$ cat model18.csv   # CSV, C-alpha atoms
chain,number,residue,atom,x,y,z
A,139,MET,CA,-9.9,15.5,-13.9
A,140,ALA,CA,-9.5,13.3,-10.8
A,141,GLY,CA,-7.6,10.4,-9.5
A,142,ASN,CA,-6.1,11.6,-6.2
A,143,THR,CA,-9.0,10.6,-4.0
A,144,PHE,CA,-9.8,7.0,-2.9
A,145,GLY,CA,-12.8,5.5,-1.1
A,146,THR,CA,-16.5,6.0,-0.8
A,147,LEU,CA,-17.3,6.6,2.9
A,148,PHE,CA,-13.7,6.5,4.2
A,149,ARG,CA,-12.3,8.9,1.7
A,150,VAL,CA,-8.6,9.8,1.4
A,151,THR,CA,-7.1,12.5,-0.8
A,152,THR,CA,-3.3,12.6,-1.1
A,153,TRP,CA,-1.2,15.5,-2.3
A,154,GLY,CA,2.4,16.5,-2.8
A,155,GLU,CA,5.5,15.7,-4.9
A,156,SER,CA,8.8,13.9,-4.3
A,157,HIS,CA,10.8,17.1,-4.4
A,158,GLY,CA,8.1,19.6,-3.4
A,159,PRO,CA,7.9,21.2,0.1
A,160,ALA,CA,5.7,18.5,1.6
A,161,LEU,CA,3.3,15.6,1.1
A,162,GLY,CA,0.1,14.9,2.9
A,163,ALA,CA,-3.3,13.4,3.1
A,164,VAL,CA,-6.8,14.6,4.0
A,165,ILE,CA,-9.1,11.9,5.4
A,166,ASP,CA,-12.9,12.5,5.4
A,167,GLY,CA,-15.4,10.1,6.9
A,168,CYS,CA,-13.4,8.7,9.8
A,169,PRO,CA,-15.8,8.2,12.7
A,170,PRO,CA,-15.3,10.1,16.0
A,171,GLY,CA,-13.9,8.8,19.2
A,172,ILE,CA,-11.0,6.8,17.8
A,173,GLU,CA,-7.6,7.2,19.5
A,174,LEU,CA,-5.2,8.9,17.1
A,175,THR,CA,-1.9,10.6,17.9
A,176,PRO,CA,1.1,11.5,15.7
A,177,GLU,CA,3.1,8.7,17.5
A,178,ILE,CA,0.6,6.1,16.2
A,179,ILE,CA,1.0,7.3,12.6
A,180,GLN,CA,4.8,7.8,13.0
A,181,GLU,CA,5.3,4.1,13.9
A,182,GLU,CA,4.0,3.1,10.4
A,183,LEU,CA,5.9,5.9,8.6
A,184,ASP,CA,9.2,4.8,10.2
A,185,ARG,CA,8.8,1.4,8.6
A,186,ARG,CA,8.5,3.0,5.1
A,187,ARG,CA,10.9,6.0,5.3
A,188,PRO,CA,14.0,6.3,3.1
A,189,GLY,CA,17.2,4.7,4.5
A,190,GLN,CA,15.4,1.7,5.8
A,191,GLY,CA,16.0,-2.0,4.9
A,192,GLY,CA,18.4,-3.8,2.6
A,193,GLY,CA,19.6,-1.9,-0.5
A,194,ALA,CA,18.2,1.3,0.9
A,195,SER,CA,18.4,4.7,-0.7
A,196,PRO,CA,20.9,7.2,0.8
A,197,ARG,CA,18.2,9.8,0.9
A,198,LYS,CA,17.5,10.4,4.6
A,199,GLU,CA,14.0,11.8,5.3
A,200,PRO,CA,12.7,11.9,8.9
A,201,ASP,CA,9.1,11.7,7.6
A,202,ARG,CA,7.8,13.4,10.8
A,203,VAL,CA,4.0,13.7,10.5
A,204,GLU,CA,1.9,16.5,11.9
A,205,ILE,CA,-1.8,16.3,12.5
A,206,LEU,CA,-3.3,19.7,11.5
A,207,SER,CA,-7.0,18.9,12.1
A,208,GLY,CA,-9.6,16.3,13.0
A,209,THR,CA,-8.4,15.3,16.5
A,210,PHE,CA,-9.0,16.7,20.0
A,211,ARG,CA,-8.4,15.6,23.6
A,212,PRO,CA,-11.6,16.0,25.6
A,213,GLU,CA,-11.4,16.6,29.3
A,214,GLY,CA,-10.6,13.4,31.1
A,215,ALA,CA,-9.5,11.5,27.9
A,216,ALA,CA,-6.2,9.6,28.0
A,217,CYS,CA,-5.2,10.8,24.5
A,218,ASP,CA,-6.4,12.6,21.4
A,219,LEU,CA,-9.5,11.3,19.7
A,220,THR,CA,-10.9,11.7,16.2
A,221,THR,CA,-13.7,14.3,16.1
A,222,GLY,CA,-15.5,13.0,13.0
A,223,THR,CA,-14.3,16.1,11.0
A,224,PRO,CA,-11.6,15.9,8.2
A,225,ILE,CA,-8.2,14.8,9.4
A,226,SER,CA,-5.4,16.7,7.7
A,227,LEU,CA,-1.9,15.2,7.8
A,228,VAL,CA,1.4,16.8,6.5
A,229,ILE,CA,4.9,15.4,6.1
A,230,PHE,CA,7.6,18.0,5.2
A,231,ASN,CA,10.4,17.0,2.8
A,232,LYS,CA,13.8,17.7,4.4
A,233,ASP,CA,16.3,16.0,2.1
A,234,ALA,CA,15.2,16.8,-1.4
A,235,HIS,CA,18.0,17.5,-3.9
A,236,SER,CA,16.2,18.6,-7.0
A,237,LYS,CA,19.4,19.7,-8.8
A,238,SER,CA,20.5,16.1,-8.8
A,239,TYR,CA,17.9,15.6,-11.6
A,240,ASP,CA,18.9,18.6,-13.8
A,241,HIS,CA,20.9,16.5,-16.2
A,242,LEU,CA,17.8,14.4,-16.9
A,243,LYS,CA,15.4,17.2,-17.6
A,244,ASP,CA,15.5,16.8,-21.3
A,245,VAL,CA,15.5,13.0,-21.5
A,246,PHE,CA,12.9,10.3,-20.8
A,247,ARG,CA,14.1,7.7,-18.2
A,248,PRO,CA,13.3,4.1,-19.2
A,249,GLY,CA,10.7,2.5,-16.9
A,250,HIS,CA,9.5,5.8,-15.5
A,251,GLY,CA,6.5,7.9,-16.2
A,252,ASP,CA,8.3,10.8,-17.7
A,253,LEU,CA,6.9,10.3,-21.2
A,254,THR,CA,3.3,9.5,-20.2
A,255,TYR,CA,3.0,12.4,-17.7
A,256,LEU,CA,4.3,14.8,-20.3
A,257,ALA,CA,1.8,13.4,-22.9
A,258,LYS,CA,-1.1,13.8,-20.4
A,259,TYR,CA,-0.4,17.1,-18.6
A,260,GLY,CA,1.9,18.9,-21.0
A,261,ILE,CA,4.3,19.8,-18.2
A,262,ARG,CA,7.8,18.2,-17.7
A,263,ASP,CA,8.4,18.1,-13.9
A,264,HIS,CA,11.8,16.4,-13.7
A,265,ARG,CA,12.2,16.8,-9.9
A,266,GLY,CA,12.5,13.1,-9.1
A,267,GLY,CA,9.3,11.9,-10.7
A,268,GLY,CA,6.8,14.3,-8.9
A,269,ARG,CA,3.6,12.5,-8.2
A,270,ALA,CA,4.8,9.4,-10.0
A,271,SER,CA,7.6,9.0,-7.4
A,272,ALA,CA,7.5,6.3,-4.7
A,273,ARG,CA,7.9,9.2,-2.3
A,274,GLU,CA,4.1,9.8,-2.7
A,275,THR,CA,3.4,6.6,-0.8
A,276,ALA,CA,4.3,8.3,2.5
A,277,ALA,CA,0.9,10.0,2.5
A,278,ARG,CA,-0.8,6.6,1.8
A,279,VAL,CA,1.0,5.0,4.8
A,280,ALA,CA,0.0,7.9,7.0
A,281,ALA,CA,-3.7,7.6,6.0
A,282,GLY,CA,-3.5,3.8,6.3
A,283,ALA,CA,-2.4,4.2,10.0
A,284,VAL,CA,-5.6,6.1,10.6
A,285,ALA,CA,-7.6,3.4,8.9
A,286,SER,CA,-5.8,0.8,11.1
A,287,GLN,CA,-7.1,2.5,14.3
A,288,LEU,CA,-10.7,2.2,13.0
A,289,LEU,CA,-10.1,-1.5,11.9
A,290,ARG,CA,-8.5,-2.5,15.1
A,291,ALA,CA,-11.6,-1.4,17.0
A,292,HIS,CA,-13.5,-4.0,15.0
A,293,GLY,CA,-10.9,-6.8,15.4
A,294,ILE,CA,-9.4,-6.4,11.9
A,295,GLU,CA,-5.6,-6.7,11.6
A,296,VAL,CA,-3.5,-6.4,8.4
A,297,THR,CA,0.0,-7.8,8.0
A,298,ALA,CA,2.3,-7.8,4.9
A,299,TYR,CA,5.6,-9.5,4.4
A,300,THR,CA,8.2,-10.3,1.7
A,301,VAL,CA,7.8,-13.8,0.2
A,302,ALA,CA,10.3,-13.4,-2.7
A,303,LEU,CA,13.1,-11.0,-3.7
A,304,GLY,CA,15.4,-11.3,-6.7
A,305,GLY,CA,14.5,-14.9,-7.3
A,306,VAL,CA,14.9,-16.0,-3.6
A,307,ARG,CA,11.7,-17.3,-2.2
A,308,ALA,CA,10.6,-17.7,1.4
A,309,GLU,CA,9.5,-21.2,2.3
A,310,ALA,CA,8.4,-20.6,5.9
A,311,ARG,CA,5.6,-18.4,7.1
A,312,ASP,CA,6.9,-17.5,10.6
A,313,MET,CA,5.1,-14.3,11.5
A,314,GLU,CA,7.4,-13.7,14.4
A,315,ALA,CA,10.4,-13.6,12.0
A,316,VAL,CA,8.8,-10.7,10.0
A,317,THR,CA,9.9,-8.2,12.6
A,318,GLN,CA,13.3,-9.8,13.1
A,319,ASN,CA,14.9,-8.8,9.8
A,320,PRO,CA,14.9,-5.6,7.7
A,321,LEU,CA,13.3,-7.2,4.7
A,322,PHE,CA,10.1,-8.2,6.6
A,323,CYS,CA,10.5,-11.8,5.5
A,324,PRO,CA,8.8,-14.6,7.4
A,325,ASP,CA,11.8,-16.9,6.7
A,326,LEU,CA,15.1,-15.9,8.3
A,327,GLU,CA,17.2,-18.2,6.1
A,328,ALA,CA,15.6,-16.8,3.0
A,329,ALA,CA,16.1,-13.2,4.3
A,330,ARG,CA,19.8,-13.9,4.6
A,331,ARG,CA,20.0,-15.1,1.0
A,332,MET,CA,17.9,-12.1,-0.1
A,333,GLU,CA,20.5,-9.7,1.5
A,334,GLU,CA,23.2,-11.6,-0.4
A,335,ARG,CA,21.3,-11.2,-3.6
A,336,ILE,CA,20.9,-7.4,-2.9
A,337,SER,CA,24.7,-7.0,-2.4
A,338,GLU,CA,25.4,-8.9,-5.6
A,339,VAL,CA,23.0,-6.8,-7.7
A,340,ARG,CA,24.2,-3.5,-6.2
A,341,GLY,CA,27.6,-4.3,-7.4
A,342,GLN,CA,26.2,-4.8,-10.9
A,343,GLY,CA,24.5,-1.4,-10.9
A,344,ASP,CA,21.1,-3.0,-11.3
A,345,THR,CA,17.9,-3.5,-9.2
A,346,LEU,CA,15.5,-6.2,-8.1
A,347,GLY,CA,11.8,-7.0,-8.0
A,348,GLY,CA,9.9,-9.5,-5.8
A,349,LEU,CA,6.6,-10.6,-4.2
A,350,VAL,CA,4.8,-9.3,-1.2
A,351,GLU,CA,2.0,-11.2,0.5
A,352,ILE,CA,-0.7,-9.5,2.6
A,353,ARG,CA,-2.8,-11.3,5.2
A,354,ALA,CA,-5.8,-9.8,7.0
A,355,THR,CA,-8.4,-11.0,9.5
A,356,CYS,CA,-11.8,-10.0,8.2
A,357,PRO,CA,-15.4,-10.5,9.2
A,358,ILE,CA,-17.8,-12.1,6.8
A,359,GLY,CA,-19.9,-9.8,4.7
A,360,LEU,CA,-17.6,-7.0,3.4
A,361,GLY,CA,-17.8,-6.1,-0.3
A,362,GLU,CA,-20.3,-4.5,-2.5
A,363,PRO,CA,-21.2,-6.6,-5.6
A,364,VAL,CA,-21.2,-6.3,-8.5
A,365,PHE,CA,-18.8,-3.4,-9.4
A,366,ASP,CA,-17.3,-2.9,-5.9
A,367,LYS,CA,-16.5,-6.5,-5.1
A,368,LEU,CA,-14.0,-6.7,-2.3
A,369,ASP,CA,-11.4,-8.6,-4.5
A,370,GLY,CA,-11.8,-6.0,-7.2
A,371,GLU,CA,-11.4,-3.1,-4.8
A,372,LEU,CA,-8.3,-4.7,-3.3
A,373,ALA,CA,-6.8,-5.3,-6.7
A,374,ARG,CA,-7.5,-1.7,-7.8
A,375,ALA,CA,-6.0,-0.3,-4.5
A,376,LEU,CA,-2.8,-2.4,-4.8
A,377,MET,CA,-2.4,-1.8,-8.5
A,378,SER,CA,-2.4,2.0,-7.8
A,379,ILE,CA,1.0,1.6,-6.1
A,380,GLY,CA,3.5,2.6,-8.8
A,381,ALA,CA,5.8,-0.5,-8.5
A,382,VAL,CA,3.0,-3.1,-8.4
A,383,LYS,CA,2.5,-4.9,-11.8
A,384,GLY,CA,0.3,-7.8,-10.7
A,385,VAL,CA,-2.2,-8.9,-8.0
A,386,GLU,CA,-3.5,-12.4,-7.1
A,387,ILE,CA,-5.9,-13.4,-4.4
A,388,GLY,CA,-5.9,-16.8,-2.7
A,389,ALA,CA,-4.7,-19.5,-5.1
A,390,GLY,CA,-4.5,-16.7,-7.8
A,391,PHE,CA,-2.9,-17.8,-11.0
A,392,ARG,CA,-2.5,-21.3,-9.8
A,393,ALA,CA,-6.2,-21.7,-9.9
A,394,ALA,CA,-6.0,-21.7,-13.7
A,395,GLU,CA,-4.1,-25.0,-13.5
A,396,MET,CA,-6.5,-26.7,-11.0
A,397,LEU,CA,-9.6,-28.8,-11.4
A,398,GLY,CA,-12.8,-27.5,-9.9
A,399,SER,CA,-12.6,-30.2,-7.3
A,400,GLU,CA,-9.1,-29.0,-6.3
A,401,ASN,CA,-9.8,-25.3,-6.3
A,402,ASN,CA,-13.1,-25.3,-4.3
A,403,ASP,CA,-12.9,-24.9,-0.6
A,404,PRO,CA,-15.2,-27.5,0.9
A,405,LEU,CA,-17.5,-26.5,3.8
A,406,THR,CA,-18.1,-28.4,7.1
A,407,PRO,CA,-20.1,-27.5,10.2
A,408,ALA,CA,-16.8,-26.3,11.6
A,409,GLY,CA,-16.2,-24.0,8.6
A,410,PHE,CA,-14.1,-24.0,5.4
A,411,VAL,CA,-11.6,-26.7,4.6
A,412,GLY,CA,-8.8,-24.7,2.8
A,413,ASN,CA,-8.7,-21.2,1.5
A,414,ASN,CA,-8.0,-21.2,-2.2
A,415,ALA,CA,-10.5,-18.4,-2.5
A,416,GLY,CA,-8.3,-16.1,-0.4
A,417,GLY,CA,-11.2,-15.2,2.0
A,418,ILE,CA,-13.5,-13.8,-0.7
A,419,LEU,CA,-16.5,-15.5,-2.4
A,420,ALA,CA,-18.6,-13.6,-5.0
A,421,GLY,CA,-16.9,-10.4,-4.1
A,422,ILE,CA,-17.8,-10.7,-0.4
A,423,SER,CA,-15.5,-11.6,2.5
A,424,SER,CA,-16.2,-15.2,3.7
A,425,GLY,CA,-14.7,-14.8,7.2
A,426,GLU,CA,-11.6,-16.7,6.3
A,427,PRO,CA,-8.3,-14.8,6.3
A,428,LEU,CA,-7.8,-12.5,3.3
A,429,ILE,CA,-4.7,-13.6,1.4
A,430,VAL,CA,-3.4,-11.3,-1.4
A,431,ARG,CA,0.0,-11.2,-3.2
A,432,VAL,CA,1.5,-8.5,-5.3
A,433,ALA,CA,4.2,-8.6,-7.9
A,434,VAL,CA,6.7,-5.7,-7.4
A,435,LYS,CA,8.8,-4.6,-10.4
A,436,PRO,CA,12.5,-3.7,-10.2
A,437,ILE,CA,13.3,-0.1,-9.4
A,438,PRO,CA,13.6,1.5,-12.9
A,439,SER,CA,16.4,3.9,-11.8
A,440,ILE,CA,19.7,2.0,-12.5
A,441,SER,CA,23.3,3.1,-12.9
A,442,ARG,CA,23.8,1.0,-16.0
A,443,GLU,CA,23.8,2.6,-19.4
A,444,GLN,CA,20.3,2.6,-21.1
A,445,GLN,CA,19.0,3.6,-24.5
A,446,THR,CA,16.3,6.3,-24.6
A,447,VAL,CA,15.3,9.5,-26.4
A,448,ASN,CA,15.3,13.2,-25.5
A,449,LEU,CA,12.5,15.8,-25.8
A,450,ALA,CA,13.5,16.3,-29.5
A,451,ASN,CA,13.0,12.5,-30.0
A,452,GLU,CA,16.7,12.0,-30.7
A,453,PRO,CA,18.3,8.8,-29.5
A,454,VAL,CA,20.6,9.1,-26.5
A,455,THR,CA,22.1,6.9,-23.8
A,456,ILE,CA,21.9,7.7,-20.1
A,457,LYS,CA,22.9,6.5,-16.7
A,458,VAL,CA,20.2,7.5,-14.2
A,459,GLY,CA,22.2,6.9,-11.0
A,460,GLY,CA,21.1,9.2,-8.1
A,461,ARG,CA,19.9,8.2,-4.7
A,462,HIS,CA,17.7,5.2,-5.3
A,463,ASP,CA,16.9,1.9,-3.6
A,464,ILE,CA,18.0,-1.5,-5.0
A,465,SER,CA,14.4,-2.7,-4.6
A,466,ALA,CA,11.0,-1.3,-3.7
A,467,ILE,CA,11.0,-4.1,-1.1
A,468,PRO,CA,11.0,-3.8,1.9
A,469,ARG,CA,9.7,-0.2,1.9
A,470,ILE,CA,6.7,-1.1,-0.2
A,471,VAL,CA,5.5,-3.6,2.5
A,472,PRO,CA,3.9,-1.0,4.8
A,473,VAL,CA,2.5,0.7,1.6
A,474,CYS,CA,0.7,-2.6,0.7
A,475,GLU,CA,-0.6,-2.8,4.3
A,476,ALA,CA,-1.9,0.8,4.1
A,477,MET,CA,-3.8,0.3,0.8
A,478,VAL,CA,-5.5,-2.9,2.1
A,479,ARG,CA,-6.4,-1.1,5.3
A,480,LEU,CA,-8.0,1.8,3.4
A,481,VAL,CA,-10.1,-0.7,1.4
A,482,LEU,CA,-11.2,-2.6,4.5
A,483,ALA,CA,-12.0,0.6,6.4
A,484,ASP,CA,-14.2,1.9,3.6
A,485,HIS,CA,-16.0,-1.4,3.2
A,486,LEU,CA,-16.4,-1.8,6.9
A,487,LEU,CA,-18.2,1.5,7.1
A,488,ARG,CA,-20.3,0.7,4.0
A,489,HIS,CA,-21.3,-2.7,5.6
A,490,LEU,CA,-22.2,-1.1,8.9
A,491,VAL,CA,-24.5,1.3,7.1
A,492,LEU,CA,-26.2,-1.7,5.4
A,493,VAL,CA,-26.5,-3.6,8.7
A,494,ALA,CA,-28.0,-0.6,10.5
A,495,HIS,CA,-30.5,-0.2,7.6
A,496,ARG,CA,-31.5,-3.9,7.8
A,497,THR,CA,-31.9,-3.7,11.6
A,498,ALA,CA,-34.1,-0.6,11.3
A,499,VAL,CA,-36.3,-2.3,8.7
A,500,GLN,CA,-36.6,-5.4,10.9
A,501,ASN,CA,-37.4,-3.3,14.0
A,502,HIS,CA,-40.0,-1.3,12.0
A,503,GLY,CA,-41.6,-4.5,10.8
A,504,ALA,CA,-41.7,-5.9,14.3
A,505,THR,CA,-43.3,-2.7,15.6
A,506,LYS,CA,-46.0,-2.8,12.9
A,507,ASN,CA,-46.8,-6.5,13.6
A,508,ASN,CA,-47.2,-5.7,17.3

$ encode --input "model18.csv" --output "structure tokens"
Amino acid sequence: MAGNTFGTLFRVTTWGESHGPALGAVIDGCPPGIELTPEIIQEELDRRRPGQGGGASPRKEPDRVEILSGTFRPEGAACDLTTGTPISLVIFNKDAHSKSYDHLKDVFRPGHGDLTYLAKYGIRDHRGGGRASARETAARVAAGAVASQLLRAHGIEVTAYTVALGGVRAEARDMEAVTQNPLFCPDLEAARRMEERISEVRGQGDTLGGLVEIRATCPIGLGEPVFDKLDGELARALMSIGAVKGVEIGAGFRAAEMLGSENNDPLTPAGFVGNNAGGILAGISSGEPLIVRVAVKPIPSISREQQTVNLANEPVTIKVGGRHDISAIPRIVPVCEAMVRLVLADHLLRHLVLVAHRTAVQNHGATKNN
């Protein structure tokens, strides 16, 4: 059995449950000499933690990260550096109220993984969803912050933002606006209307879904065809986030409505004209910006009455209630960034190994010829 480890060279294993003592991540394969402090990781966790953004959950978790291993400050260094050994991170749960879920222990919540987890593992952990809870993503964001430090050293930056929420769409792409509103929306007018929509739906006891777009600078050559194509790896990583139900890259589903002459990105001596490919051709990055969008489903925990069954397969009605967000947006935005960063960090290392091999072969051939 597996499924909690991600990556080939930059490998991340996450652990912990929503209402357990703690969550965390172990990162193996991070190169040495990269600046890494708790404060660097904390900056990303603060964007994701409960109580942030419009329609936020009343659960208040500080999400303070501790680095247990894998860093050291050498004499004369300005800050802690990675050592090349496994990096272990822990985040302790401080505001878990497991008893709030006792009334649900014998029923299956619609839209949740209660039924499927019981069918697979034979254990009914009703403490807020366990590993299926969005709380698990805190460990991903912490690991993604480590990946970000590696990527930044190679000029790779990843930014995610909200482009739709509850039927309200952003028209502008003002990257400065992303940090100026709690929804991480690049359109301030759309952000205002999104907040209004959140208030409206909160009063109805319901929840909202939306769209998140992720943009990344990326050098040419990342991706491992044919089964580890970069677009395939990105889709897999983003689909592993519980609330994500769809992924598109570049033109995405619009490409199905285009002619070939419309969808192709012409080339000139100055580079590509357009980016319908989303920065990926034949599973390998083209050097153009990576453009990925994800569809985020509404939070399944709602305070409206719903039909379900109990453990005895008897029909019942429930109101889930509890301390839940109105939408996974905006807290899912840094989670999307983290998963893209993990993919790019892994493929960057895999590409560097290939480049080093090619260089060694070329140097060996040159030596023989001399």

$ closest_residue --input "model18.csv" --among "A:Asp184, A:Glu274, A:Asp240, A:Asp252" --to "Glu155 in chain A" --atoms "only C-alpha atoms"
A:Glu274

$ atom_distance --input "model18.csv" --atom1 "CA of Ile456 in chain A" --atom2 "CA of Ile261 in chain A"
21.4 Å

$ closest_atom_pairs --input "model18.csv" --of "range 196-300 of chain A" --to "range 339-362 of chain A" --cutoff "12 Å" --atoms "all atoms listed in the file" --output "JSON lines"
{"residue": "A:Ser286", "atom": "CA", "partner": "A:Ala354", "partner_atom": "CA", "distance": 11.4}
{"residue": "A:Leu289", "atom": "CA", "partner": "A:Cys356", "partner_atom": "CA", "distance": 9.4}
{"residue": "A:Arg290", "atom": "CA", "partner": "A:Thr355", "partner_atom": "CA", "distance": 10.2}
{"residue": "A:His292", "atom": "CA", "partner": "A:Pro357", "partner_atom": "CA", "distance": 8.9}
{"residue": "A:Gly293", "atom": "CA", "partner": "A:Thr355", "partner_atom": "CA", "distance": 7.7}
{"residue": "A:Ile294", "atom": "CA", "partner": "A:Thr355", "partner_atom": "CA", "distance": 5.3}
{"residue": "A:Glu295", "atom": "CA", "partner": "A:Thr355", "partner_atom": "CA", "distance": 5.5}
{"residue": "A:Val296", "atom": "CA", "partner": "A:Ala354", "partner_atom": "CA", "distance": 4.3}
{"residue": "A:Thr297", "atom": "CA", "partner": "A:Arg353", "partner_atom": "CA", "distance": 5.3}
{"residue": "A:Ala298", "atom": "CA", "partner": "A:Ile352", "partner_atom": "CA", "distance": 4.1}
{"residue": "A:Tyr299", "atom": "CA", "partner": "A:Glu351", "partner_atom": "CA", "distance": 5.6}
{"residue": "A:Thr300", "atom": "CA", "partner": "A:Val350", "partner_atom": "CA", "distance": 4.6}

$ atom_distance --input "model18.csv" --atom1 "CA of Val203 in chain A" --atom2 "CA of Phe148 in chain A"
20.1 Å

$ closest_residue --input "model18.csv" --among "A:Ile422, A:Ile429, A:Leu405, A:Gly370" --to "Gly390 in chain A" --atoms "all atoms listed in the file"
A:Ile429

$ closest_residue --input "model18.csv" --among "A:Leu419, A:Arg273, A:Cys217, A:Gly208" --to "His462 in chain A" --atoms "only C-alpha atoms"
A:Arg273

$ residues_around --input "model18.csv" --residues "Asp201 in chain A" --least-positions-apart "5" --cutoff "7 Å" --atoms "all atoms listed in the file" --output "list in words"
Leu183, Arg187, Ile229 and Phe230 of chain A

$ residues_near_point --input "model18.csv" --point "(12.8, -19.7, 5.3)" --cutoff "8 Å" --atoms "all atoms listed in the file" --output "list in words"
Arg307, Ala308, Glu309, Ala310, Arg311, Pro324, Asp325, Leu326, Glu327, Ala328 and Ala329 of chain A

$ atom_distance --input "model18.csv" --atom1 "CA of Ile440 in chain A" --atom2 "CA of Ala272 in chain A"
15.1 Å

$ residues_around --input "model18.csv" --residues "Gly158 in chain A" --least-positions-apart "3" --cutoff "12 Å" --atoms "only C-alpha atoms" --output "tab-separated table (two decimals) with C-alpha atoms, in the coordinates of the input"
chain	number	residue	atom	x	y	z
A	153	TRP	CA	-1.20	15.50	-2.30
A	154	GLY	CA	2.40	16.50	-2.80
A	155	GLU	CA	5.50	15.70	-4.90
A	161	LEU	CA	3.30	15.60	1.10
A	162	GLY	CA	0.10	14.90	2.90
A	229	ILE	CA	4.90	15.40	6.10
A	230	PHE	CA	7.60	18.00	5.20
A	231	ASN	CA	10.40	17.00	2.80
A	232	LYS	CA	13.80	17.70	4.40
A	233	ASP	CA	16.30	16.00	2.10
A	234	ALA	CA	15.20	16.80	-1.40
A	235	HIS	CA	18.00	17.50	-3.90
A	236	SER	CA	16.20	18.60	-7.00
A	263	ASP	CA	8.40	18.10	-13.90
A	264	HIS	CA	11.80	16.40	-13.70
A	265	ARG	CA	12.20	16.80	-9.90
A	266	GLY	CA	12.50	13.10	-9.10
A	267	GLY	CA	9.30	11.90	-10.70
A	268	GLY	CA	6.80	14.30	-8.90
A	269	ARG	CA	3.60	12.50	-8.20
A	271	SER	CA	7.60	9.00	-7.40
A	273	ARG	CA	7.90	9.20	-2.30
A	274	GLU	CA	4.10	9.80	-2.70

$ closest_residue --input "model18.csv" --among "A:Arg496, A:Asn451, A:Ala285, A:Gln445" --to "Arg247 in chain A" --atoms "all atoms listed in the file"
A:Gln445

$ closest_residue --input "model18.csv" --among "A:Ala216, A:Gly260, A:Leu147, A:Thr221" --to "Val491 in chain A" --atoms "only C-alpha atoms"
A:Leu147

$ closest_residue --input "model18.csv" --among "A:Leu376, A:Val385, A:Ile336, A:Ile418" --to "Pro468 in chain A" --atoms "all atoms listed in the file"
A:Ile336

$ residues_near_point --input "model18.csv" --point "(-6.9, -16.6, 3.4)" --cutoff "9 Å" --atoms "all atoms listed in the file" --output "list in words"
Arg353, Ala354, Thr355, Ile387, Gly388, Gly412, Asn413, Asn414, Ala415, Gly416, Gly417, Ile418, Gly425, Glu426, Pro427, Leu428, Ile429 and Val430 of chain A

$ residues_around --input "model18.csv" --residues "Val434 in chain A" --least-positions-apart "2" --cutoff "10 Å" --atoms "all atoms listed in the file" --output "count of residues only"
23
